[in-house]
Amino acid sequence: MGAIVLPGLVDGVPALESSAARAATFANNLRAVTVQVKDVQAWAERNGVPDGWQGDAREAADHGTTRFARRVDVSEAALERAVVAADRFEDRLVRLGTRRTALVERRSTLNDDITTLRAEIDGNEAVEASVAAWERRAAVLRGRAADLVDDIAAWVADAAEADDDFVRALRQVDEVGEGERAAQDPGRPDSEGLGAGFDRRAGDPVALAAWWRTLSRAQRQALLTERPHAVGNANGIPVRDRDEANRAALYSDIDRLTRKEADGELTDEERSALANAEVIRTELNARLEQVDPMTGEHLVHVVVYKPGEFGGDGGVAISFGDPDRAEHVSVNVPGLTSEVTSLPGNLGRTEALHDAALGRTSDTVATVFWLDYDAPSGNPLTSIEGITDFGSVVGPWSADAGGERFSQFIDGLRASDEGAPAHLTAIGHSYGSTTVGHALQDGLPVDDAILLGSPGVPEHTAAALTGAEVWVGAKDRDPVSLIGAEDGPGTLGTDPAQESFGATRFETGDGSPRIQDALDNHTSYFTGTSLDNLGAIVVDQDDHVVHDEGRERWSEEGHYPTLPEWLVEGAVRGAGEPIVEGVREWGEDVVDSLVRGFGPGRFVG
Amino acid sequence: MAVTLAVPAGVLAAAKAAWDDAADGLDGGWRRLVKASSAGFSSTVVAAVEAFQTTWGDELKRRATEAQDNSEAFVEVGGVYQFTDAASAERARALLGWIHHDVPIEVR
């Protein structure tokens with residue numbers, strides 16, 4: 001019998017010396033610097049000697065603004081090179097990280113297999129048949145070990161090469177003279193031409209996405225630092241590039257507006273924009289180290305950044321995971337009171353949904369929070385002032401306009417999607433469900449739609465609304481969800497929780513009967529059973545959704561109260577607890593407001 | 001003998017403000033650049049990053065100073081922009097947009 005040669009245990013895979021997350025942060029800072037330098041350079045160039053000027057050369061050469069533009073352009077050219085290098089470095093580190101994870105897993109499995117075979121050999125008598133079998137297994141293990149050692153060596157070499165390439169690229173422009181040469185490089189991206197190409201396709205997500213794919217990394221980076229707001233908010237641009245553009249815009253805006261604030265030159269509009277930008281930055285910083293387990297890239301992407309939009313409320317969309325590469329994508333649209341300053345709570349809910357969905361599947365998932373419409377600001381559930389506002393805002397107009405914008409956003413996601421089309425779910429909460437309803441009515445290209453705490457949607461049946469599968473979450477003690485009922489006061493449309501609507505209602509719980517808890521009832525759909533059901537729908541596990549019965553007609557003995565009944569019952573139940581007078585007034589006023597605003601006599605008494 | 005440029009005072013005020021904005025923009029740029037952390041990089045990468053930051057942080061700072069100096073070339077006294085001599089007026093004229101490159105210099 002010959003000797004059995006077991007391979008030795010394979011040594012660990014070294015850690016990456018440079019981290020992808022830090023490279024991304026560095027690249028984002030470089031882009032923000034580049035944006036500021038380009039802004040100045042573009043201003044100086046616009047005021048300099050025009051191209052093709054035929055007059056006195058000496059006079060042109062002496063023109064101070066023109067000279068300044070050329071000097072600043074040297075820095076700009078160097079920064080452009082560095083941005084491209086940092087962007088490439090980040091990508092390579094992400095891929096290296098993914099490869100390392102796989103190598104670590106292979107090593108662990110292999111070493112376990114070697115240890116197992118060694119124990120088997122040591123613990124058993126060597127007879128001819130078993131020795132032959134052990135030798136065959138040992139030979140396979142030796143082959144696996146040799147392959148793994150080779151692959152680890154190749155990975156180490158690639159990691160070193162990534163570092164070396166980045167270092168080399170930076171060293172090529174780390175002297176001013178080298179920046180001067182970079183500025184004159186005929187291969188430098190033509191930002192003006194790229195901008196014209198972008199403008200021709202803006203508004204057509206499919207054309208924009210197709211064109212963008214033809215650009216080199218240097219061209220994409222040049223354009224997104226030249227026009228960060230436009231590129232970052234353009235539907236059809238890949239989400240990763242939108243994120244880079246939007247972060248560049250965010251950080252450069254904060255730098256610029258903070259300086260103006262220090263100089264006492266901030267306008268009211270700019271003050272709102274700065275406040276919104278700072279809220280977004282805080283949320284991003286809180287998640288700086290979070291990595292997408294599926295891609296190895298940073299988890300959070302800024303897909304829309306409009307800090308000054310909607311009279312200072314601002315617009316924003318943030319994704320957990322990459323919608324372009326995820327197999328399941330959800331986009332949730334908030335409602336009443338939503339603005340950028342309410343981002344923390346909304347992002348928390350979106351993140352909770354992402355976790356819930358990922359917990360159900362090994363597929364890739366992205367969940368997006370989208371607030372790029374003028375959501376009504378007043379909340380009838382928090383104050384008397386809100387009720388006054390409620391009367392004026394609860395009409396379908398904002399939802400109609402918002403639905404159109406939402407459709408454009410979804411069209412953009414469809415256009416930039418990579419691989420097989422993602423399973424896409426639109427989620428609307430509160431007034432956001434009405435917004436989603438209007439988008440569905442116009443043919444929103446989604447697979448599923450979820451309407452949460454809905455005050456109404458603009459069709460009487462799910463089938464008339466959309467071809468997508470429609471799901472409804474409605475707590476019977478969520479007063480907003482009672483507004484759209486058949487005999488209710490709402491002007492926003494039909495209550496989708498009604499049996500006759502024909503959607504699938506899922507279990508959410510009924511909510512607390514006390515009036516003090518009205519707001520909690522309306523805002524707690526992203527928790528507990530309701531969240532579990534949302535997660536199942538998002539990852540297309542319809543069989544795992546726990547159903548609830550649809551609401552019956554108000555004229556019959558139903559299991560849920562009418563809005564005024566609920567308000568009276570809630571006030572009575574709440575009276576046993578400390579109840580502020582404002583809340584009691586709130587209950588009375590909301591009834592008055594609804595009756596006056598939406599037609600006396602429509603209430604069931 | 002004070003001199004001035006034959007353009008409306010608003011043109012000169014706007015130029016001064018624009019150069020001031022340019023200085024602020026570049027100031028923000030070099031500050032963010034030099035503060036960008038190189039933590040989380042290998043030692044060879046850190047050295048290259050720091051060399052880049054030093055060169056271009058310094059260069060942007062020089063350009064920011066230049067822009068600030070250009071802003072200060074426009075001196076307003078009692079609501080009137082004026083220059084001490086023809087040379088300083090010529091320098092200021094070169095700092096206006098090219099559209100104003102041939103405006104006359106006037107003795108006040």
# chains A, B, ... in the order shown; residues from 1 in each chain; ligands from 1
$ interface_residues --of "chain A" --to "chain B" --cutoff "6 Å" --atoms "only C-alpha atoms" --output "PDB file with N, CA and C atoms, in the first residue's frame"
ATOM      1  N   GLU A  17      -5.361  45.835   1.609  1.00  0.00           N
ATOM      2  CA  GLU A  17      -4.787  46.978   2.341  1.00  0.00           C
ATOM      3  C   GLU A  17      -5.607  48.243   2.127  1.00  0.00           C
ATOM      4  N   SER A  18      -6.179  48.373   0.942  1.00  0.00           N
ATOM      5  CA  SER A  18      -7.000  49.553   0.653  1.00  0.00           C
ATOM      6  C   SER A  18      -8.462  49.130   0.611  1.00  0.00           C
ATOM      7  N   SER A  19      -9.326  49.935   1.217  1.00  0.00           N
ATOM      8  CA  SER A  19     -10.735  49.532   1.277  1.00  0.00           C
ATOM      9  C   SER A  19     -11.572  50.244   0.220  1.00  0.00           C
ATOM     10  N   ARG A  22     -13.548  53.292   1.539  1.00  0.00           N
ATOM     11  CA  ARG A  22     -12.730  54.513   1.691  1.00  0.00           C
ATOM     12  C   ARG A  22     -12.360  55.095   0.330  1.00  0.00           C
ATOM     13  N   VAL A  33     -14.664  68.514  -5.190  1.00  0.00           N
ATOM     14  CA  VAL A  33     -13.654  69.550  -5.436  1.00  0.00           C
ATOM     15  C   VAL A  33     -13.681  69.934  -6.919  1.00  0.00           C
ATOM     16  N   GLN A  36     -16.467  72.255  -7.924  1.00  0.00           N
ATOM     17  CA  GLN A  36     -16.259  73.655  -7.541  1.00  0.00           C
ATOM     18  C   GLN A  36     -15.246  74.338  -8.452  1.00  0.00           C
ATOM     19  N   VAL A  40     -15.929  77.562 -11.301  1.00  0.00           N
ATOM     20  CA  VAL A  40     -15.139  78.798 -11.406  1.00  0.00           C
ATOM     21  C   VAL A  40     -14.526  78.904 -12.803  1.00  0.00           C
ATOM     22  N   ASN A  47     -16.307  84.445 -19.682  1.00  0.00           N
ATOM     23  CA  ASN A  47     -15.998  85.871 -19.712  1.00  0.00           C
ATOM     24  C   ASN A  47     -14.651  86.164 -20.355  1.00  0.00           C
ATOM     25  N   GLY A  48     -14.026  85.137 -20.897  1.00  0.00           N
ATOM     26  CA  GLY A  48     -12.722  85.321 -21.516  1.00  0.00           C
ATOM     27  C   GLY A  48     -12.826  85.585 -23.003  1.00  0.00           C
ATOM     28  N   VAL A  49     -11.671  85.593 -23.646  1.00  0.00           N
ATOM     29  CA  VAL A  49     -11.626  85.816 -25.093  1.00  0.00           C
ATOM     30  C   VAL A  49     -12.376  84.676 -25.780  1.00  0.00           C
ATOM     31  N   HIS A  63      -5.487  89.636 -21.392  1.00  0.00           N
ATOM     32  CA  HIS A  63      -6.796  89.711 -20.730  1.00  0.00           C
ATOM     33  C   HIS A  63      -6.781  88.858 -19.457  1.00  0.00           C
ATOM     34  N   GLY A  64      -6.957  89.500 -18.326  1.00  0.00           N
ATOM     35  CA  GLY A  64      -6.759  88.845 -17.033  1.00  0.00           C
ATOM     36  C   GLY A  64      -7.704  87.683 -16.794  1.00  0.00           C
ATOM     37  N   THR A  65      -8.960  87.857 -17.175  1.00  0.00           N
ATOM     38  CA  THR A  65      -9.940  86.791 -16.929  1.00  0.00           C
ATOM     39  C   THR A  65      -9.607  85.555 -17.755  1.00  0.00           C
ATOM     40  N   VAL A 167      -1.563  54.548  -7.891  1.00  0.00           N
ATOM     41  CA  VAL A 167      -0.406  55.388  -7.536  1.00  0.00           C
ATOM     42  C   VAL A 167       0.193  56.004  -8.796  1.00  0.00           C
ATOM     43  N   ASP A 174       0.929  64.861 -10.415  1.00  0.00           N
ATOM     44  CA  ASP A 174       1.132  65.444  -9.081  1.00  0.00           C
ATOM     45  C   ASP A 174       2.108  66.612  -9.086  1.00  0.00           C
ATOM     46  N   ASP A 255     -20.461  73.044   0.665  1.00  0.00           N
ATOM     47  CA  ASP A 255     -19.297  73.936   0.763  1.00  0.00           C
ATOM     48  C   ASP A 255     -19.681  75.359   0.371  1.00  0.00           C
TER      49      ASP A 255
END
$ select_by_dssp --residues "region 401-465 of chain A" --states "strand (DSSP E or B)" --output "MDAnalysis selection string"
chainID A and resid 423:429 448:452 457
$ select_by_dssp --residues "chain B" --states "alpha helix (DSSP H)" --output "ChimeraX atom specification"
/B:9-35,43-72,86-94
$ closest_residue --among "B:Ala9, B:Ala73, B:Ala15, B:Val3" --to "Asp85 (chain B)" --atoms "only C-alpha atoms"
B:Val3
$ residues_around --residues "Gly187 (chain A)" --least-positions-apart "4" --cutoff "10 Å" --atoms "only C-alpha atoms" --output "list in words"
Ala182, Ala183 and Ala218 of chain A
$ write_last_selection --atoms "N, CA and C atoms" --output "PDB file, in the first residue's frame"
ATOM      1  N   ALA A 182      -1.718  67.869 -19.059  1.00  0.00           N
ATOM      2  CA  ALA A 182      -3.030  67.191 -19.066  1.00  0.00           C
ATOM      3  C   ALA A 182      -4.101  68.110 -19.653  1.00  0.00           C
ATOM      4  N   ALA A 183      -3.967  69.413 -19.370  1.00  0.00           N
ATOM      5  CA  ALA A 183      -4.959  70.367 -19.882  1.00  0.00           C
ATOM      6  C   ALA A 183      -4.907  70.457 -21.406  1.00  0.00           C
ATOM      7  N   ALA A 218     -13.775  58.074 -18.532  1.00  0.00           N
ATOM      8  CA  ALA A 218     -13.316  59.466 -18.450  1.00  0.00           C
ATOM      9  C   ALA A 218     -14.407  60.430 -18.917  1.00  0.00           C
TER      10      ALA A 218
END
$ residues_around --residues "Gly345 (chain A)" --least-positions-apart "2" --cutoff "12 Å" --atoms "only C-alpha atoms" --output "ChimeraX atom specification"
/A:279,283,334,337-343,347-352,369,523-524,526
$ residues_around --residues "region 199-204 of chain A" --least-positions-apart "6" --cutoff "12 Å" --atoms "only C-alpha atoms" --output "list in words"
Glu192, Gly193, Ala210, Trp211, Trp212, Leu223, Arg227, Ala230, Val231, Gly232, Asn233, Ala234, Asn235, Gly236, Ile237, Arg405, Gln408, Phe409, Asp411, Gly412, Arg414, Ala415 and Ser416 of chain A
$ write_last_selection --atoms "N, CA and C atoms" --output "PDB file, in the first residue's frame"
ATOM      1  N   GLU A 192     -18.022  70.125 -23.421  1.00  0.00           N
ATOM      2  CA  GLU A 192     -19.063  70.872 -24.140  1.00  0.00           C
ATOM      3  C   GLU A 192     -19.841  69.950 -25.080  1.00  0.00           C
ATOM      4  N   GLY A 193     -19.094  69.149 -25.832  1.00  0.00           N
ATOM      5  CA  GLY A 193     -19.741  68.218 -26.752  1.00  0.00           C
ATOM      6  C   GLY A 193     -20.556  67.174 -26.005  1.00  0.00           C
ATOM      7  N   ALA A 210     -28.868  54.353 -23.456  1.00  0.00           N
ATOM      8  CA  ALA A 210     -28.109  53.736 -24.550  1.00  0.00           C
ATOM      9  C   ALA A 210     -26.871  54.562 -24.877  1.00  0.00           C
ATOM     10  N   TRP A 211     -27.045  55.884 -24.914  1.00  0.00           N
ATOM     11  CA  TRP A 211     -25.915  56.763 -25.211  1.00  0.00           C
ATOM     12  C   TRP A 211     -24.865  56.697 -24.101  1.00  0.00           C
ATOM     13  N   TRP A 212     -25.323  56.698 -22.876  1.00  0.00           N
ATOM     14  CA  TRP A 212     -24.405  56.705 -21.731  1.00  0.00           C
ATOM     15  C   TRP A 212     -23.492  55.482 -21.768  1.00  0.00           C
ATOM     16  N   LEU A 223     -18.454  64.512 -17.524  1.00  0.00           N
ATOM     17  CA  LEU A 223     -19.788  65.103 -17.623  1.00  0.00           C
ATOM     18  C   LEU A 223     -20.469  65.191 -16.255  1.00  0.00           C
ATOM     19  N   ARG A 227     -21.680  68.753 -14.835  1.00  0.00           N
ATOM     20  CA  ARG A 227     -23.100  69.075 -14.629  1.00  0.00           C
ATOM     21  C   ARG A 227     -23.722  68.079 -13.645  1.00  0.00           C
ATOM     22  N   ALA A 230     -27.678  67.973 -13.155  1.00  0.00           N
ATOM     23  CA  ALA A 230     -28.422  67.469 -14.316  1.00  0.00           C
ATOM     24  C   ALA A 230     -28.239  65.970 -14.469  1.00  0.00           C
ATOM     25  N   VAL A 231     -26.996  65.511 -14.380  1.00  0.00           N
ATOM     26  CA  VAL A 231     -26.732  64.076 -14.573  1.00  0.00           C
ATOM     27  C   VAL A 231     -27.330  63.262 -13.415  1.00  0.00           C
ATOM     28  N   GLY A 232     -27.159  63.770 -12.213  1.00  0.00           N
ATOM     29  CA  GLY A 232     -27.638  63.018 -11.049  1.00  0.00           C
ATOM     30  C   GLY A 232     -29.138  62.820 -11.032  1.00  0.00           C
ATOM     31  N   ASN A 233     -29.866  63.714 -11.649  1.00  0.00           N
ATOM     32  CA  ASN A 233     -31.327  63.630 -11.621  1.00  0.00           C
ATOM     33  C   ASN A 233     -31.923  63.147 -12.943  1.00  0.00           C
ATOM     34  N   ALA A 234     -31.060  62.729 -13.854  1.00  0.00           N
ATOM     35  CA  ALA A 234     -31.556  62.349 -15.184  1.00  0.00           C
ATOM     36  C   ALA A 234     -32.008  60.893 -15.186  1.00  0.00           C
ATOM     37  N   ASN A 235     -33.262  60.681 -15.507  1.00  0.00           N
ATOM     38  CA  ASN A 235     -33.793  59.326 -15.604  1.00  0.00           C
ATOM     39  C   ASN A 235     -33.189  58.620 -16.812  1.00  0.00           C
ATOM     40  N   GLY A 236     -32.651  57.429 -16.559  1.00  0.00           N
ATOM     41  CA  GLY A 236     -31.985  56.669 -17.610  1.00  0.00           C
ATOM     42  C   GLY A 236     -30.498  56.515 -17.353  1.00  0.00           C
ATOM     43  N   ILE A 237     -29.914  57.459 -16.604  1.00  0.00           N
ATOM     44  CA  ILE A 237     -28.505  57.323 -16.216  1.00  0.00           C
ATOM     45  C   ILE A 237     -28.414  56.206 -15.175  1.00  0.00           C
ATOM     46  N   ARG A 405     -44.470  62.422 -12.494  1.00  0.00           N
ATOM     47  CA  ARG A 405     -43.033  62.429 -12.187  1.00  0.00           C
ATOM     48  C   ARG A 405     -42.580  61.025 -11.771  1.00  0.00           C
ATOM     49  N   GLN A 408     -42.048  58.846 -14.720  1.00  0.00           N
ATOM     50  CA  GLN A 408     -40.785  59.145 -15.400  1.00  0.00           C
ATOM     51  C   GLN A 408     -39.610  58.504 -14.662  1.00  0.00           C
ATOM     52  N   PHE A 409     -39.700  58.536 -13.332  1.00  0.00           N
ATOM     53  CA  PHE A 409     -38.635  57.933 -12.537  1.00  0.00           C
ATOM     54  C   PHE A 409     -38.570  56.417 -12.780  1.00  0.00           C
ATOM     55  N   ASP A 411     -39.709  54.825 -15.372  1.00  0.00           N
ATOM     56  CA  ASP A 411     -39.214  54.633 -16.744  1.00  0.00           C
ATOM     57  C   ASP A 411     -37.685  54.666 -16.760  1.00  0.00           C
ATOM     58  N   GLY A 412     -37.118  55.573 -15.985  1.00  0.00           N
ATOM     59  CA  GLY A 412     -35.661  55.680 -15.901  1.00  0.00           C
ATOM     60  C   GLY A 412     -35.041  54.418 -15.330  1.00  0.00           C
ATOM     61  N   ARG A 414     -36.307  51.439 -15.391  1.00  0.00           N
ATOM     62  CA  ARG A 414     -36.436  50.378 -16.394  1.00  0.00           C
ATOM     63  C   ARG A 414     -35.357  50.528 -17.472  1.00  0.00           C
ATOM     64  N   ALA A 415     -35.063  51.770 -17.838  1.00  0.00           N
ATOM     65  CA  ALA A 415     -34.092  52.001 -18.920  1.00  0.00           C
ATOM     66  C   ALA A 415     -32.667  51.670 -18.484  1.00  0.00           C
ATOM     67  N   SER A 416     -32.331  51.943 -17.222  1.00  0.00           N
ATOM     68  CA  SER A 416     -30.956  51.701 -16.775  1.00  0.00           C
ATOM     69  C   SER A 416     -30.778  50.303 -16.189  1.00  0.00           C
TER      70      SER A 416
END
$ atom_distance --atom1 "CA of Thr4 (chain B)" --atom2 "CA of Phe74 (chain B)"
10.1 Å
